[in-house]
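What follows is a short report on a single structure.
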Amino acid sequence: MREITYDQAANEAIQEEFRRNPRTVHMSTDLPADLRQEFGADRIRVTPIAENSFAGASIGLAGSGFRTVSNLRMATFGFVALDQMMNHAAKITYMFGGQAKFPILYRMTVGAGFAGAAEHSISPYSMYMNVPGLKILLPTTPYDVKGLLKTALRENNPVVSFEHFLLGGTKGEVPEEEYLIPFGKARIRRRGRDVTVVALARMVFEALAAAEELAGEGISLEVIDPRTLVPLDRQAIIRSVKKTGRLVVVDEACQTCGAAAEILALATSDKAAFGRLKSAPARVCGLDIPIPFSEPMESFAIPNKKKIITAVRGVMAKK
Amino acid sequence: MALNLSKKTLLDLYTTMLTIRRFEERVVREVNAGTIRGFVHSYIGEEAVAAGVCAHLDKNDRIVSHHRGHGHTIAKGADMKKMMAEIYGKKTGCCKGKGGSMHIADFSIGMLGADGIVGAGLPIASGAALAAKLEGKGSVAAVFFGDGACQEGEFHEALNLASIWKLPLLFVCENNGYGVNTSAEYSLAAKDITRMPNAYHIASRSVYGNDVEQVYHAAGRAIARLREGKGPYFLECKTYRWYKHFLSEELEDLRPAGEIESWKKNCPIATFENKLLRRKVLTPSKIRSINNKILEKVEDAHAFALESPLPEPEDALRDVYST
């Protein structure tokens, strides 16, 4: 099968869906030249650097029967548009009694590890999980980003896609033929029997590396990539925890009130899963600090294979 | 001002204003009686703006309103029964009781909702205007906001966006002089509001917003420009709200009493009514008959709201997402 990059796959999703539906508009501060060439200046619009303005314009367009993509570039710029995304996009379907649909896709990069320092590095998806009304994607592979964005562009609700900055250039198999990936279906990246590792965003690959290393010692990890945080595939996580009896959740975002906390809570508040637990579950998260610039400090702030292995050994230890 | 409006137009403007007034009076009465919950922002005193602007809009034109939105919604042609039911939090409300007074919407008539965050409706309306531009059928969008919104960043962002994209968007600034109790005189450095759109190369005009004919003429010319594709237009209407920011016993009204009284003397409806009496467009008996018809409609709406069932608690779980 052909291999393309994550960014190319995301772009293909937009191209295919914009060909299917002429009532689609893309807005971003940077010009996506290939999209502009194919779909023209009316539909592929460059915006002023005013995130709230086009995050809001996408709501008005959606409420007027268009589908929109707003690329906010980085999650830290997304904060500038929080009024429109959280006060409005998330709520208007509900507060207007469901009388209109708001098919909006907001895209932004997350993560750290690229010397971006504090104001360009963050993974704030749990903040968005706390505001009902948004669907939240966390695509990790070229295959997934294409399938999930295509689904997002047929979805009748606001969707926020958080795409790890360091994944954009990664390559993977993407079929030529069309496919969609439904929301709320986790992907088991590696089957295993001893420990369930739920890993988010780029941490999926750190967890897989840890699994590879631990396999040599006879420790078998089951690595789950939820792929979407809202809706979250609770059953896939609970099923796995019931099987392994051990759980480690890995997320690059800060630990406090993160998605990892929610995943731990759902596994431990499920009676059957709790009853099967052989040890206290663990979290491997970003430290509760802004992301520092200098390499030794930045690496220290975010999880990696080594930290995951340490956590796995912890949950494997006899009580 | 040239007065060449048809008798029908004059009577329509009068009827729209009076309908808003009677509806709002009923709401005020119920809020004071404690039968309506929540934050209710009365539009009384500003009726000429909604009436004068919306008279030029048809069903395909879209508006975005704000927390003080009942007047725009009525002027755009919404069903008062569903509005009153919404204000009462009833299941039959236009938003099934999920929005209340501050979030009335009726997409079927191009009323894209009242928005409770000051200034936030402006970017949303630019999207509605972009939709109209892309549809290419000569439709327009109008956004209502106050002097308070002119202090928000989103106001400036929306002006800039509408200007560079030449959007068919009418900015209607209802300058009532105050954000809650803080005067625009204090909080707006520009003093003259139209200097701000002008800085963004948006044509503008300022009118006395209690004179419905002035508003009607200015809005008509502005909307005609929009339909010709000449880009956005900014209309400032200087007006005044008779009541406090929202109806509440706890909230103090710190505006000068004399100022409130003098604006009440310049009531947009009474002034217009007197003009129409002098011009023989109205007669005392015609006024009575229009008024009675409106009162009947408002009472019907009120009765509908009272008779309507409250939502079930579990209805709260519906409509978080569209299907």
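In the structure tokens, the first chain shown is A, the next is B, and so on; residue numbers restart at 1 for each chain, and ligands run from 1 in the order shown.
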Do a neighbour search on region 264-266 of chain A at 9 Å with only C-alpha atoms, toss out local chain neighbours closer than 5 positions, and write the hits as a count of residues only. 10
Contacts of Trp242 (chain B) at 7 Å or less, counting only C-alpha atoms, minus same-chain residues fewer than 5 places along, as number ranges by chain? B: 44-45, 260, 264
Could you find all residues in region 42-259 of chain B that DSSP calls strand (DSSP E or B) from the backbone, and write them as a VMD selection string? chain B and resid 62 to 66 106 111 to 115 141 to 146 169 to 175 178 to 179 182 to 183 203 to 208 233 to 238
What separates CA of Leu138 (chain A) and CA of Ile124 (chain B) is a distance of 26.6 Å
CA of Gly184 (chain A) to CA of Leu200 (chain A), straight-line distance in Å: 14.0 Å
May I have the residues within 8 Å of His66 (chain B) as a PyMOL selection string, using only C-alpha atoms and disregarding those fewer than 5 positions away in the same chain? chain B and resi 102+113-118+121+144-145
Within 8 Å of chain B, which residues belong to chain A? Use only C-alpha atoms and report them as JSON, numbers by chain. {"A": [42, 47, 48, 50, 52, 53, 54, 55, 56, 57, 58, 59, 60, 61, 62, 63, 64, 65, 66, 83, 84, 87, 91, 93, 94, 95, 96, 97, 98, 99, 100, 101, 132, 133, 156, 157]}
What lies within 10 Å of region 270-285 of chain B using only C-alpha atoms, ignoring chain neighbours under 6 positions off, as a PyMOL selection string? chain B and resi 6-8+10-11+13-14+17-18+48+210-213+264+291
Shell around His245 (chain B) at 8 Å using only C-alpha atoms, local window under 5 positions removed, as an NGL selection string: :B and (41-42 or 179-181 or 253)
In Å to one decimal, how far is CA of Glu25 (chain B) from CA of Cys267 (chain B)?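 Between CA of Cys267 (chain B) and CA of Glu25 (chain B) the gap works out to 14.3 Å.
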Counting only C-alpha atoms, what is within 7 Å of Tyr233 (chain B), bar same-chain residues fewer than 2 positions away, as a PDB file with N, CA and C atoms, in the first residue's frame?
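Produced file out.pdb, reproduced below:
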```pdb
ATOM      1  N   LEU B 169     -22.884  42.882   5.228  1.00  0.00           N
ATOM      2  CA  LEU B 169     -23.241  42.854   6.650  1.00  0.00           C
ATOM      3  C   LEU B 169     -23.570  44.261   7.134  1.00  0.00           C
ATOM      4  N   LEU B 170     -24.751  44.405   7.700  1.00  0.00           N
ATOM      5  CA  LEU B 170     -25.139  45.681   8.303  1.00  0.00           C
ATOM      6  C   LEU B 170     -24.865  45.621   9.801  1.00  0.00           C
ATOM      7  N   PHE B 171     -23.958  46.470  10.248  1.00  0.00           N
ATOM      8  CA  PHE B 171     -23.691  46.597  11.680  1.00  0.00           C
ATOM      9  C   PHE B 171     -24.688  47.605  12.240  1.00  0.00           C
ATOM     10  N   ILE B 202     -15.207  51.298   6.503  1.00  0.00           N
ATOM     11  CA  ILE B 202     -16.607  50.895   6.400  1.00  0.00           C
ATOM     12  C   ILE B 202     -17.456  52.166   6.447  1.00  0.00           C
ATOM     13  N   ALA B 203     -18.310  52.310   5.451  1.00  0.00           N
ATOM     14  CA  ALA B 203     -19.184  53.482   5.405  1.00  0.00           C
ATOM     15  C   ALA B 203     -20.127  53.457   6.599  1.00  0.00           C
ATOM     16  N   SER B 204     -20.470  54.635   7.113  1.00  0.00           N
ATOM     17  CA  SER B 204     -21.292  54.654   8.314  1.00  0.00           C
ATOM     18  C   SER B 204     -22.212  55.859   8.333  1.00  0.00           C
ATOM     19  N   ALA B 222     -28.706  51.761   3.444  1.00  0.00           N
ATOM     20  CA  ALA B 222     -27.566  50.887   3.762  1.00  0.00           C
ATOM     21  C   ALA B 222     -27.791  49.486   3.185  1.00  0.00           C
ATOM     22  N   GLY B 231     -20.247  46.063  -0.024  1.00  0.00           N
ATOM     23  CA  GLY B 231     -19.534  45.843   1.231  1.00  0.00           C
ATOM     24  C   GLY B 231     -20.335  46.275   2.439  1.00  0.00           C
ATOM     25  N   LEU B 235     -24.395  51.342  10.940  1.00  0.00           N
ATOM     26  CA  LEU B 235     -25.446  52.297  11.288  1.00  0.00           C
ATOM     27  C   LEU B 235     -25.512  52.438  12.808  1.00  0.00           C
TER      28      LEU B 235
END
```
Near-Ala199 (chain A) list (6 Å; only C-alpha atoms; drop same-chain fewer than 5 positions) as number ranges by chain: A: 204, 225, 249-250
Selection from above, C-alpha atoms, as a PDB file, in the first residue's frame, can you write it?
```pdb
ATOM      1  CA  VAL A 204       0.881   5.985  21.470  1.00  0.00           C
ATOM      2  CA  ASP A 225      -5.319   4.448  21.200  1.00  0.00           C
ATOM      3  CA  VAL A 249      -2.632   5.849  31.170  1.00  0.00           C
ATOM      4  CA  VAL A 250      -0.080   7.892  29.246  1.00  0.00           C
TER       5      VAL A 250
END
```
Select from region 137-206 of chain A every residue with an atom at most 10 Å from any atom of region 309-314 of chain A, then for each give the shortest pair of atoms and their distance in Å to one decimal, using only C-alpha atoms, rows by chain and rising number, as JSON lines.
```
{"residue": "A:Asp194", "atom": "CA", "partner": "A:Val312", "partner_atom": "CA", "distance": 9.5}
{"residue": "A:Val195", "atom": "CA", "partner": "A:Val312", "partner_atom": "CA", "distance": 7.3}
{"residue": "A:Thr196", "atom": "CA", "partner": "A:Val312", "partner_atom": "CA", "distance": 9.3}
{"residue": "A:Val197", "atom": "CA", "partner": "A:Val312", "partner_atom": "CA", "distance": 8.5}
{"residue": "A:Glu206", "atom": "CA", "partner": "A:Ile309", "partner_atom": "CA", "distance": 9.8}
```
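The residue that comes closest to Arg29 (chain B), out of B:Leu306, B:Pro313, B:Leu247, B:Ala142 and on the basis of only C-alpha atoms, is B:Leu247.
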